[in-house]
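Raw entry_30.txt, compact mmCIF, C-alpha atoms:
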```txt
# COMPACT_ATOMS: atom_id res chain seq x y z
CA MET T 1 91.02 -27.68 87.48
CA GLU T 2 93.58 -26.27 89.89
CA GLU T 3 96.87 -28.11 89.53
CA LYS T 4 98.46 -29.86 92.49
CA TYR T 5 101.68 -28.50 93.95
CA ALA T 6 104.54 -30.61 95.33
CA ILE T 7 107.66 -29.45 97.12
CA ILE T 8 110.45 -32.03 96.96
CA ILE T 9 113.34 -31.28 99.30
CA VAL T 10 116.47 -33.10 98.22
CA ALA T 11 119.02 -33.71 100.95
CA GLY T 12 121.45 -36.26 99.67
CA GLY T 13 124.76 -34.84 100.86
CA SER T 14 127.13 -36.85 102.98
CA GLY T 15 128.88 -33.99 104.79
CA LYS T 16 132.36 -34.69 103.47
CA ARG T 17 133.15 -31.04 102.73
CA MET T 18 132.20 -30.06 106.29
CA ASN T 19 134.81 -32.40 107.81
CA SER T 20 131.89 -33.80 109.68
CA GLU T 21 130.47 -37.26 110.25
CA VAL T 22 127.01 -35.74 110.39
CA PRO T 23 125.44 -35.06 106.95
CA LYS T 24 125.18 -31.30 106.34
CA GLN T 25 121.39 -31.34 106.34
CA PHE T 26 121.40 -32.74 109.89
CA LEU T 27 123.88 -30.28 111.41
CA LEU T 28 122.33 -28.03 114.02
CA VAL T 29 121.76 -24.37 113.38
CA GLY T 30 119.69 -22.21 115.71
CA GLY T 31 118.94 -25.32 117.75
CA LYS T 32 117.38 -27.37 114.92
CA PRO T 33 118.73 -29.53 112.09
CA VAL T 34 119.43 -27.53 108.89
CA LEU T 35 116.77 -29.51 107.03
CA PHE T 36 114.02 -28.33 109.39
CA TYR T 37 114.02 -24.78 108.06
CA ALA T 38 113.23 -25.44 104.40
CA LEU T 39 110.64 -27.98 105.53
CA SER T 40 109.00 -25.42 107.78
CA ARG T 41 108.95 -22.78 105.04
CA ALA T 42 107.48 -25.29 102.59
CA TYR T 43 104.75 -26.10 105.08
CA ASP T 44 103.84 -22.41 105.37
CA ILE T 45 102.37 -22.47 101.88
CA LYS T 46 100.44 -25.71 102.36
CA PRO T 47 101.40 -27.55 99.18
CA ASP T 48 99.57 -30.76 98.35
CA LEU T 49 102.73 -32.75 98.97
CA ILE T 50 105.95 -32.19 100.89
CA ARG T 51 108.53 -34.88 100.37
CA VAL T 52 112.07 -35.18 101.65
CA VAL T 53 114.56 -37.30 99.71
CA LEU T 54 117.35 -38.66 101.93
CA PRO T 55 120.10 -41.25 101.54
CA LEU T 56 118.65 -44.60 102.58
CA ALA T 57 121.18 -44.79 105.41
CA SER T 58 119.97 -41.49 106.87
CA ILE T 59 116.24 -42.07 107.00
CA LEU T 60 116.10 -43.59 110.46
CA GLU T 61 118.36 -40.87 111.79
CA TRP T 62 116.03 -38.21 110.36
CA ARG T 63 113.05 -39.87 112.04
CA ARG T 64 114.97 -39.79 115.29
CA LEU T 65 115.88 -36.11 114.83
CA CYS T 66 112.23 -35.25 114.15
CA LEU T 67 111.33 -36.78 117.53
CA GLU T 68 114.27 -35.25 119.36
CA TYR T 69 113.70 -31.74 117.98
CA ASP T 70 109.92 -31.88 118.03
CA ILE T 71 109.51 -31.51 114.25
CA ASN T 72 105.84 -32.22 113.56
CA ILE T 73 105.56 -31.02 109.98
CA PRO T 74 103.77 -33.68 107.91
CA HIS T 75 106.01 -34.92 105.10
CA ASP T 76 106.90 -38.00 103.08
CA VAL T 77 110.40 -39.39 103.30
CA ILE T 78 111.85 -41.45 100.47
CA ALA T 79 115.28 -42.84 99.68
CA GLY T 80 117.55 -41.08 97.19
CA GLY T 81 120.06 -42.46 94.71
CA GLU T 82 123.79 -42.31 94.07
CA GLU T 83 123.58 -39.02 92.16
CA ARG T 84 121.27 -36.09 92.69
CA PHE T 85 119.63 -36.96 89.36
CA PHE T 86 118.50 -40.33 90.73
CA SER T 87 117.36 -38.78 94.00
CA VAL T 88 115.09 -36.39 92.11
CA LEU T 89 113.90 -39.23 89.88
CA ASN T 90 112.92 -41.24 92.95
CA GLY T 91 111.23 -38.17 94.36
CA ILE T 92 108.96 -37.54 91.37
CA ARG T 93 108.33 -41.09 90.13
CA ASP T 94 104.69 -41.32 91.28
CA LEU T 95 103.67 -37.79 90.26
CA ASP T 96 101.96 -37.02 86.97
CA GLU T 97 101.58 -34.22 84.48
CA GLY T 98 98.94 -32.46 86.55
CA TRP T 99 101.48 -31.37 89.19
CA ILE T 100 103.63 -28.29 89.58
CA ILE T 101 106.82 -29.59 91.19
CA ALA T 102 109.35 -27.51 93.13
CA ILE T 103 112.71 -29.10 93.84
CA HIS T 104 114.64 -27.51 96.68
CA ASP T 105 118.06 -28.14 98.24
CA GLY T 106 117.68 -29.30 101.83
CA VAL T 107 120.81 -27.32 102.69
CA ARG T 108 119.26 -23.97 101.71
CA PRO T 109 117.45 -23.15 104.94
CA LEU T 110 116.83 -19.49 104.08
CA VAL T 111 114.40 -20.02 101.22
CA THR T 112 111.33 -17.77 101.53
CA LYS T 113 107.63 -18.30 101.01
CA GLU T 114 107.74 -15.67 98.25
CA MET T 115 110.44 -17.57 96.40
CA PHE T 116 108.37 -20.77 96.40
CA LEU T 117 105.28 -18.88 95.24
CA GLN T 118 107.00 -16.90 92.54
CA GLY T 119 108.73 -20.03 91.25
CA LYS T 120 105.38 -21.79 91.08
CA GLU T 121 103.62 -19.01 89.17
CA ILE T 122 106.38 -18.71 86.60
CA ALA T 123 106.66 -22.47 86.13
CA LYS T 124 102.91 -22.70 85.60
CA ARG T 125 103.15 -20.09 82.86
CA ASP T 126 106.51 -20.97 81.26
CA GLY T 127 107.12 -24.62 82.17
CA ALA T 128 110.29 -24.14 84.23
CA SER T 129 111.63 -21.46 86.60
CA ILE T 130 114.81 -21.00 88.60
CA PRO T 131 115.98 -18.27 91.00
CA VAL T 132 119.31 -16.65 90.15
CA VAL T 133 121.53 -14.00 91.73
CA PRO T 134 124.40 -11.91 90.33
CA VAL T 135 127.96 -13.13 90.80
CA VAL T 136 129.74 -10.92 93.34
CA ASP T 137 133.39 -11.85 92.90
CA SER T 138 135.41 -11.58 89.71
CA LEU T 139 135.23 -14.87 87.85
CA ARG T 140 137.82 -16.91 85.96
CA ARG T 141 137.59 -20.03 83.86
CA VAL T 142 140.27 -22.65 84.28
CA THR T 143 141.62 -23.80 80.92
CA ALA T 144 142.72 -27.24 79.75
CA ASP T 145 146.42 -26.26 79.85
CA GLY T 146 146.21 -25.54 83.59
CA GLY T 147 145.98 -21.78 83.09
CA SER T 148 142.94 -19.59 83.59
CA ILE T 149 141.27 -16.67 81.88
CA PRO T 150 139.12 -13.86 83.24
CA VAL T 151 135.48 -13.94 82.17
CA ASN T 152 132.90 -11.16 82.40
CA ARG T 153 131.01 -11.83 85.62
CA SER T 154 128.09 -9.67 84.50
CA GLU T 155 127.27 -12.38 81.94
CA TYR T 156 126.95 -15.00 84.67
CA ARG T 157 124.31 -15.84 87.26
CA ALA T 158 124.58 -18.07 90.32
CA VAL T 159 121.69 -20.52 90.37
CA GLN T 160 119.73 -21.33 93.52
CA THR T 161 116.71 -23.43 94.36
CA PRO T 162 113.69 -23.94 94.47
CA GLN T 163 113.70 -24.93 90.81
CA THR T 164 110.07 -25.37 89.78
CA PHE T 165 108.56 -27.21 86.83
CA ARG T 166 105.28 -28.20 85.30
CA GLY T 167 104.86 -31.95 85.68
CA ASP T 168 104.82 -32.57 81.92
CA VAL T 169 108.16 -30.82 81.51
CA LEU T 170 109.89 -32.41 84.48
CA LEU T 171 108.65 -35.95 84.00
CA THR T 172 109.51 -35.98 80.30
CA SER T 173 112.97 -34.57 81.04
CA TYR T 174 113.73 -37.15 83.72
CA ARG T 175 113.08 -39.95 81.23
CA GLN T 176 116.47 -39.11 79.68
CA PRO T 177 119.45 -41.28 80.62
CA PHE T 178 121.71 -39.77 83.27
CA SER T 179 124.56 -37.56 82.07
CA ASN T 180 127.52 -36.08 83.93
CA HIS T 181 126.61 -32.77 82.31
CA PHE T 182 123.52 -32.44 84.48
CA THR T 183 124.49 -29.81 87.05
CA ASP T 184 121.02 -29.16 88.43
CA ASP T 185 117.38 -29.83 87.51
CA ALA T 186 117.26 -26.93 85.08
CA SER T 187 120.10 -28.47 83.08
CA VAL T 188 118.19 -31.77 82.84
CA VAL T 189 115.12 -29.97 81.56
CA GLU T 190 117.14 -27.96 79.05
CA ALA T 191 118.90 -31.06 77.78
CA ALA T 192 115.40 -32.30 76.90
CA GLY T 193 114.83 -29.16 74.82
CA TYR T 194 112.75 -27.01 77.20
CA LYS T 195 113.43 -23.38 78.09
CA VAL T 196 113.95 -22.26 81.66
CA SER T 197 112.81 -18.85 82.96
CA LEU T 198 115.01 -17.00 85.44
CA PHE T 199 113.73 -14.89 88.32
CA ASN T 200 115.55 -13.00 91.07
CA GLY T 201 116.63 -15.17 93.98
CA SER T 202 118.03 -13.75 97.19
CA ALA T 203 121.57 -13.32 98.45
CA ASP T 204 120.31 -14.68 101.78
CA ASN T 205 119.31 -18.00 100.19
CA ILE T 206 122.72 -19.55 100.80
CA LYS T 207 123.72 -23.18 100.46
CA ILE T 208 125.33 -24.73 103.52
CA THR T 209 128.59 -26.08 102.14
CA GLU T 210 131.42 -25.13 104.48
CA PRO T 211 131.62 -24.75 108.24
CA HIS T 212 131.48 -20.95 108.03
CA ASP T 213 128.12 -21.20 106.25
CA LEU T 214 126.57 -22.59 109.43
CA ARG T 215 127.54 -19.45 111.34
CA ILE T 216 126.22 -17.29 108.53
CA ALA T 217 122.95 -19.21 108.39
CA GLU T 218 122.53 -18.96 112.15
CA GLU T 219 122.90 -15.18 111.98
CA LEU T 220 120.53 -14.82 109.01
CA LEU T 221 117.94 -17.23 110.41
CA SER T 222 117.74 -15.25 113.64
CA SER T 223 115.57 -12.62 111.92
CA HIS T 224 113.01 -15.14 110.63
CA SER T 225 110.45 -17.14 112.54
CA TYR T 226 109.72 -20.84 112.13
CA ARG T 227 106.91 -22.95 113.46
CA MET I 1 168.63 -6.74 98.29
CA GLU I 2 165.31 -7.48 99.99
CA GLU I 3 162.43 -6.05 97.99
CA LYS I 4 160.03 -3.56 99.52
CA TYR I 5 156.45 -4.57 100.14
CA ALA I 6 153.42 -2.31 99.73
CA ILE I 7 149.80 -3.04 100.58
CA ILE I 8 147.39 -0.81 98.69
CA ILE I 9 143.83 -0.95 100.00
CA VAL I 10 141.37 0.28 97.39
CA ALA I 11 138.07 1.55 98.74
CA GLY I 12 136.39 3.45 95.98
CA GLY I 13 132.79 2.28 96.36
CA SER I 14 129.95 4.73 96.80
CA GLY I 15 127.53 2.47 98.69
CA LYS I 16 124.75 2.56 96.09
CA ARG I 17 124.06 -1.16 96.27
CA MET I 18 123.68 -0.99 100.05
CA ASN I 19 120.84 1.57 99.77
CA SER I 20 123.00 3.63 102.04
CA GLU I 21 124.34 7.16 101.97
CA VAL I 22 127.43 5.93 103.75
CA PRO I 23 130.05 4.32 101.45
CA LYS I 24 130.30 0.57 102.14
CA GLN I 25 133.86 0.83 103.43
CA PHE I 26 132.69 3.22 106.17
CA LEU I 27 129.70 1.22 107.41
CA LEU I 28 130.14 -0.04 110.94
CA VAL I 29 130.72 -3.69 111.68
CA GLY I 30 131.71 -4.92 115.12
CA GLY I 31 131.88 -1.29 116.24
CA LYS I 32 134.43 -0.11 113.65
CA PRO I 33 134.26 0.98 110.00
CA VAL I 34 134.60 -1.92 107.54
CA LEU I 35 137.85 -0.47 106.20
CA PHE I 36 139.53 -0.71 109.59
CA TYR I 37 139.79 -4.50 109.51
CA ALA I 38 141.84 -4.93 106.33
CA LEU I 39 144.02 -2.06 107.46
CA SER I 40 144.62 -3.70 110.81
CA ARG I 41 145.46 -7.04 109.20
CA ALA I 42 147.84 -5.32 106.76
CA TYR I 43 149.58 -3.64 109.68
CA ASP I 44 150.11 -7.01 111.38
CA ILE I 45 152.69 -7.93 108.76
CA LYS I 46 154.51 -4.60 108.86
CA PRO I 47 154.84 -3.87 105.15
CA ASP I 48 157.03 -0.96 104.07
CA LEU I 49 153.96 0.94 102.93
CA ILE I 50 150.25 0.80 103.69
CA ARG I 51 148.17 3.05 101.51
CA VAL I 52 144.43 3.55 101.33
CA VAL I 53 142.89 4.83 98.09
CA LEU I 54 139.58 6.64 98.66
CA PRO I 55 137.28 8.84 96.59
CA LEU I 56 138.48 12.41 96.99
CA ALA I 57 135.13 13.33 98.54
CA SER I 58 135.56 10.69 101.29
CA ILE I 59 139.04 11.49 102.52
CA LEU I 60 138.07 14.00 105.19
CA GLU I 61 135.34 11.67 106.41
CA TRP I 62 137.87 8.85 106.75
CA ARG I 63 140.18 11.11 108.77
CA ARG I 64 137.26 11.94 111.03
CA LEU I 65 136.35 8.25 111.42
CA CYS I 66 139.96 7.43 112.35
CA LEU I 67 139.71 9.96 115.19
CA GLU I 68 136.24 8.90 116.26
CA TYR I 69 137.04 5.17 116.30
CA ASP I 70 140.56 5.53 117.60
CA ILE I 71 142.25 4.05 114.52
CA ASN I 72 145.96 4.72 114.95
CA ILE I 73 147.41 2.49 112.24
CA PRO I 74 149.94 4.50 110.21
CA HIS I 75 148.90 4.70 106.56
CA ASP I 76 148.93 6.97 103.52
CA VAL I 77 145.66 8.14 102.09
CA ILE I 78 145.38 9.16 98.45
CA ALA I 79 142.53 10.03 96.12
CA GLY I 80 141.19 7.48 93.64
CA GLY I 81 139.76 7.92 90.17
CA GLU I 82 136.47 7.35 88.38
CA GLU I 83 137.17 3.67 87.74
CA ARG I 84 138.98 1.16 89.90
CA PHE I 85 141.72 1.07 87.25
CA PHE I 86 142.49 4.75 87.84
CA SER I 87 142.33 4.33 91.61
CA VAL I 88 144.97 1.62 91.44
CA LEU I 89 147.02 3.69 89.01
CA ASN I 90 146.99 6.60 91.47
CA GLY I 91 147.89 4.20 94.24
CA ILE I 92 151.02 2.81 92.56
CA ARG I 93 152.25 5.85 90.62
CA ASP I 94 155.26 6.62 92.83
CA LEU I 95 156.38 3.01 93.35
CA ASP I 96 159.09 1.36 91.27
CA GLU I 97 160.16 -2.05 90.04
CA GLY I 98 161.79 -2.93 93.32
CA TRP I 99 158.45 -3.30 95.11
CA ILE I 100 156.13 -6.23 95.64
CA ILE I 101 152.66 -4.67 95.57
CA ALA I 102 149.50 -6.19 97.05
CA ILE I 103 146.19 -4.65 96.03
CA HIS I 104 143.31 -5.41 98.36
CA ASP I 105 139.60 -4.52 98.38
CA GLY I 106 138.78 -2.30 101.35
CA VAL I 107 135.45 -4.09 101.64
CA ARG I 108 137.05 -7.49 102.32
CA PRO I 109 137.58 -7.19 106.07
CA LEU I 110 138.25 -10.90 106.62
CA VAL I 111 141.55 -11.13 104.78
CA THR I 112 144.18 -13.00 106.79
CA LYS I 113 147.85 -12.45 107.44
CA GLU I 114 148.56 -15.79 105.75
CA MET I 115 146.78 -14.71 102.59
CA PHE I 116 148.89 -11.56 102.34
CA LEU I 117 152.09 -13.52 102.98
CA GLN I 118 151.30 -16.33 100.58
CA GLY I 119 150.31 -13.84 97.88
CA LYS I 120 153.59 -12.03 98.36
CA GLU I 121 155.75 -15.17 98.12
CA ILE I 122 154.04 -16.40 94.97
CA ALA I 123 154.14 -12.96 93.31
CA LYS I 124 157.84 -12.72 94.08
CA ARG I 125 158.44 -16.02 92.35
CA ASP I 126 155.89 -15.86 89.50
CA GLY I 127 155.20 -12.16 88.98
CA ALA I 128 151.50 -12.17 89.85
CA SER I 129 149.28 -14.08 92.31
CA ILE I 130 145.58 -14.07 93.12
CA PRO I 131 143.51 -16.00 95.69
CA VAL I 132 140.59 -17.99 94.27
CA VAL I 133 137.82 -20.16 95.71
CA PRO I 134 135.51 -22.73 94.12
CA VAL I 135 132.07 -21.62 92.93
CA VAL I 136 129.39 -23.06 95.23
CA ASP I 137 126.17 -22.49 93.29
CA SER I 138 125.38 -23.83 89.85
CA LEU I 139 126.38 -21.27 87.26
CA ARG I 140 124.72 -20.05 84.05
CA ARG I 141 125.84 -17.71 81.34
CA VAL I 142 123.33 -15.24 79.97
CA THR I 143 123.29 -15.24 76.18
CA ALA I 144 122.86 -12.37 73.70
CA ASP I 145 119.30 -13.47 72.83
CA GLY I 146 118.16 -13.03 76.44
CA GLY I 147 118.34 -16.74 77.21
CA SER I 148 120.89 -18.50 79.39
CA ILE I 149 122.88 -21.71 79.32
CA PRO I 150 124.28 -23.84 82.14
CA VAL I 151 128.07 -23.90 82.42
CA ASN I 152 130.23 -26.32 84.35
CA ARG I 153 130.93 -24.59 87.66
CA SER I 154 133.94 -26.83 88.34
CA GLU I 155 135.74 -24.99 85.52
CA TYR I 156 135.24 -21.64 87.25
CA ARG I 157 136.85 -19.90 90.20
CA ALA I 158 135.67 -16.88 92.15
CA VAL I 159 138.51 -14.38 92.45
CA GLN I 160 139.30 -12.54 95.69
CA THR I 161 141.95 -10.11 96.84
CA PRO I 162 144.76 -9.42 97.82
CA GLN I 163 146.08 -9.61 94.27
CA THR I 164 149.85 -9.30 94.48
CA PHE I 165 152.39 -8.36 91.83
CA ARG I 166 156.06 -7.71 91.29
CA GLY I 167 156.51 -4.00 90.64
CA ASP I 168 157.91 -4.56 87.14
CA VAL I 169 154.82 -6.54 86.14
CA LEU I 170 152.26 -4.21 87.69
CA LEU I 171 153.78 -0.91 86.62
CA THR I 172 154.27 -2.07 83.03
CA SER I 173 150.69 -3.37 82.91
CA TYR I 174 149.21 -0.15 84.24
CA ARG I 175 150.84 1.78 81.40
CA GLN I 176 148.16 0.33 79.12
CA PRO I 177 145.17 2.52 78.26
CA PHE I 178 142.04 1.77 80.27
CA SER I 179 139.65 -0.84 78.89
CA ASN I 180 136.15 -1.85 80.00
CA HIS I 181 137.37 -5.44 79.87
CA PHE I 182 139.51 -4.94 82.97
CA THR I 183 137.55 -6.71 85.69
CA ASP I 184 140.28 -6.70 88.31
CA ASP I 185 144.04 -6.15 88.58
CA ALA I 186 144.84 -9.62 87.33
CA SER I 187 142.96 -8.94 84.11
CA VAL I 188 145.02 -5.78 83.57
CA VAL I 189 148.24 -7.71 84.03
CA GLU I 190 147.11 -10.50 81.73
CA ALA I 191 146.07 -8.04 79.03
CA ALA I 192 149.71 -6.94 79.10
CA GLY I 193 150.80 -10.51 78.42
CA TYR I 194 151.80 -11.72 81.88
CA LYS I 195 150.67 -14.93 83.56
CA VAL I 196 148.87 -14.94 86.88
CA SER I 197 149.28 -17.72 89.48
CA LEU I 198 146.28 -18.85 91.48
CA PHE I 199 146.35 -19.90 95.11
CA ASN I 200 143.59 -20.96 97.51
CA GLY I 201 141.70 -18.08 99.06
CA SER I 202 139.20 -18.52 101.86
CA ALA I 203 135.41 -18.76 101.88
CA ASP I 204 135.52 -16.36 104.84
CA ASN I 205 137.20 -13.63 102.77
CA ILE I 206 133.87 -12.17 101.67
CA LYS I 207 133.26 -8.88 99.91
CA ILE I 208 130.77 -6.56 101.60
CA THR I 209 128.26 -5.87 98.83
CA GLU I 210 124.76 -6.18 100.21
CA PRO I 211 123.23 -5.44 103.62
CA HIS I 212 123.23 -9.11 104.62
CA ASP I 213 127.01 -9.23 104.13
CA LEU I 214 127.44 -6.87 107.07
CA ARG I 215 125.70 -9.31 109.37
CA ILE I 216 127.79 -12.16 108.01
CA ALA I 217 131.00 -10.18 108.42
CA GLU I 218 130.09 -9.26 111.98
CA GLU I 219 129.60 -12.92 112.85
CA LEU I 220 132.82 -14.04 111.14
CA LEU I 221 134.90 -11.17 112.54
CA SER I 222 133.86 -12.05 116.07
CA SER I 223 136.32 -14.95 116.11
CA HIS I 224 139.31 -12.81 115.08
CA SER I 225 141.16 -10.19 117.06
CA TYR I 226 142.21 -6.76 115.82
CA ARG I 227 144.52 -4.20 117.33
```
Rewrite the structure of this file - the entire thing - as structure tokens.
Amino acid sequence: MEEKYAIIIVAGGSGKRMNSEVPKQFLLVGGKPVLFYALSRAYDIKPDLIRVVLPLASILEWRRLCLEYDINIPHDVIAGGEERFFSVLNGIRDLDEGWIIAIHDGVRPLVTKEMFLQGKEIAKRDGASIPVVPVVDSLRRVTADGGSIPVNRSEYRAVQTPQTFRGDVLLTSYRQPFSNHFTDDASVVEAAGYKVSLFNGSADNIKITEPHDLRIAEELLSSHSYR
Amino acid sequence: MEEKYAIIIVAGGSGKRMNSEVPKQFLLVGGKPVLFYALSRAYDIKPDLIRVVLPLASILEWRRLCLEYDINIPHDVIAGGEERFFSVLNGIRDLDEGWIIAIHDGVRPLVTKEMFLQGKEIAKRDGASIPVVPVVDSLRRVTADGGSIPVNRSEYRAVQTPQTFRGDVLLTSYRQPFSNHFTDDASVVEAAGYKVSLFNGSADNIKITEPHDLRIAEELLSSHSYR
């Protein structure tokens, strides 16, 4: 039996770092809300389920934006929680072990079809997969005494999304109680004792965090096409 | 006595990562070679010395580019070494303890005047200063067994340039023998026992490493003006 494939797009951010009243995922880039692009790319591979997790207070606004910007991609919308952990938990609650589940940041508009597909294949084989890229700048670790020490950046990887998991792995892992040590979905899964396989992400797959990222995304998006 | 201030722009890269025959610092962005922008910004604050360190094999090409692109900013050019460490060493050899010395990556065109000035003030007071920014993506450390573990990204900082030093600190530090553990100038200075002060860099102050960085730089540079 072919497994089912879900793409869960988590867009819980409130936009505080952007000095903006508008949540980051709703800011306009290339004439559409940021969230549109990952949704469109997800739709390109026709998964069995596309679901967007939004803060409860943003759901009506998203519905309005879909009308205003003519976004006709079929997708579920459900309400997130206080922490990303709870948003993901809400997003996967009704799925079962027969699914392959990709979890993607709504503020990473430059994800590619290939990245979704590669993540899915590796997760199917290994249980869990995440895209990573090398760290470009020198890296330091801040120490408890307020100082800092250089670390070897070649030992580090920056982690992107989509992070993809077999249903059995993800659902079991999300039965753990929440911990502040959970930095992303991979860390939840590892805390439950599973291994995570890395594959090469893309430098283009940026996360919209600061105002300058919007300009960068606009430039990078201009060479892609979206339905 | 007012100290003297030198800005040393190190541009030793060979362009391998860009899949390009042209060294990264010579690629065109906004109609000028990448290296022009940091040079222009350095010139804005009228230091006592601006010096560019280039691979010996690139010096004539840089002279030609200065003519072709009408770059009239007065600066020294000297030959670098095999490793960045030796390039910096060549770049500071004739300076003495009376200088404040900023070392900047030639492939960071978006450095600002304020960043140079702040770096200088802090170095004057503390001996050594470097600009840092938060890490945006989740971060993992690759382990010796081929696995990887999540680390807490809030404990890490990405390090930029200009890295600025009092002459006594820098010259003493660069008398050490070369080590593979030197990841940047700050790590050389710390290996010699000095402390390094951090200040806030800028997300815009990107390093041109991959082809997509050129497009990003072009977009970000468009809102600045250069002589």
- Pick from T:Ile45, T:Val135, T:Leu56, T:Ala38, whichever lies nearest to Tyr226 of chain T using all atoms listed in the file: T:Ala38
- Nearest residue to Glu121 of chain T from the set T:Val22, T:Glu3, T:Glu83, T:Ala57 (distances using only C-alpha atoms): T:Glu3
- Task: State, in Å with one decimal place, the distance from atom CA of Gly80 of chain I to atom CA of Ile216 of chain I.
- Result: 27.8 Å
- Least-squares overlay of chain I on chain T, all C-alpha in order, gives RMSD 0.0 Å
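For the residues T:Ala6, T:Arg166, T:Ile122, T:Ile103, ranking by smallest atom-to-atom distance to Phe85 of chain T using all atoms listed in the file places T:Ile103 first.
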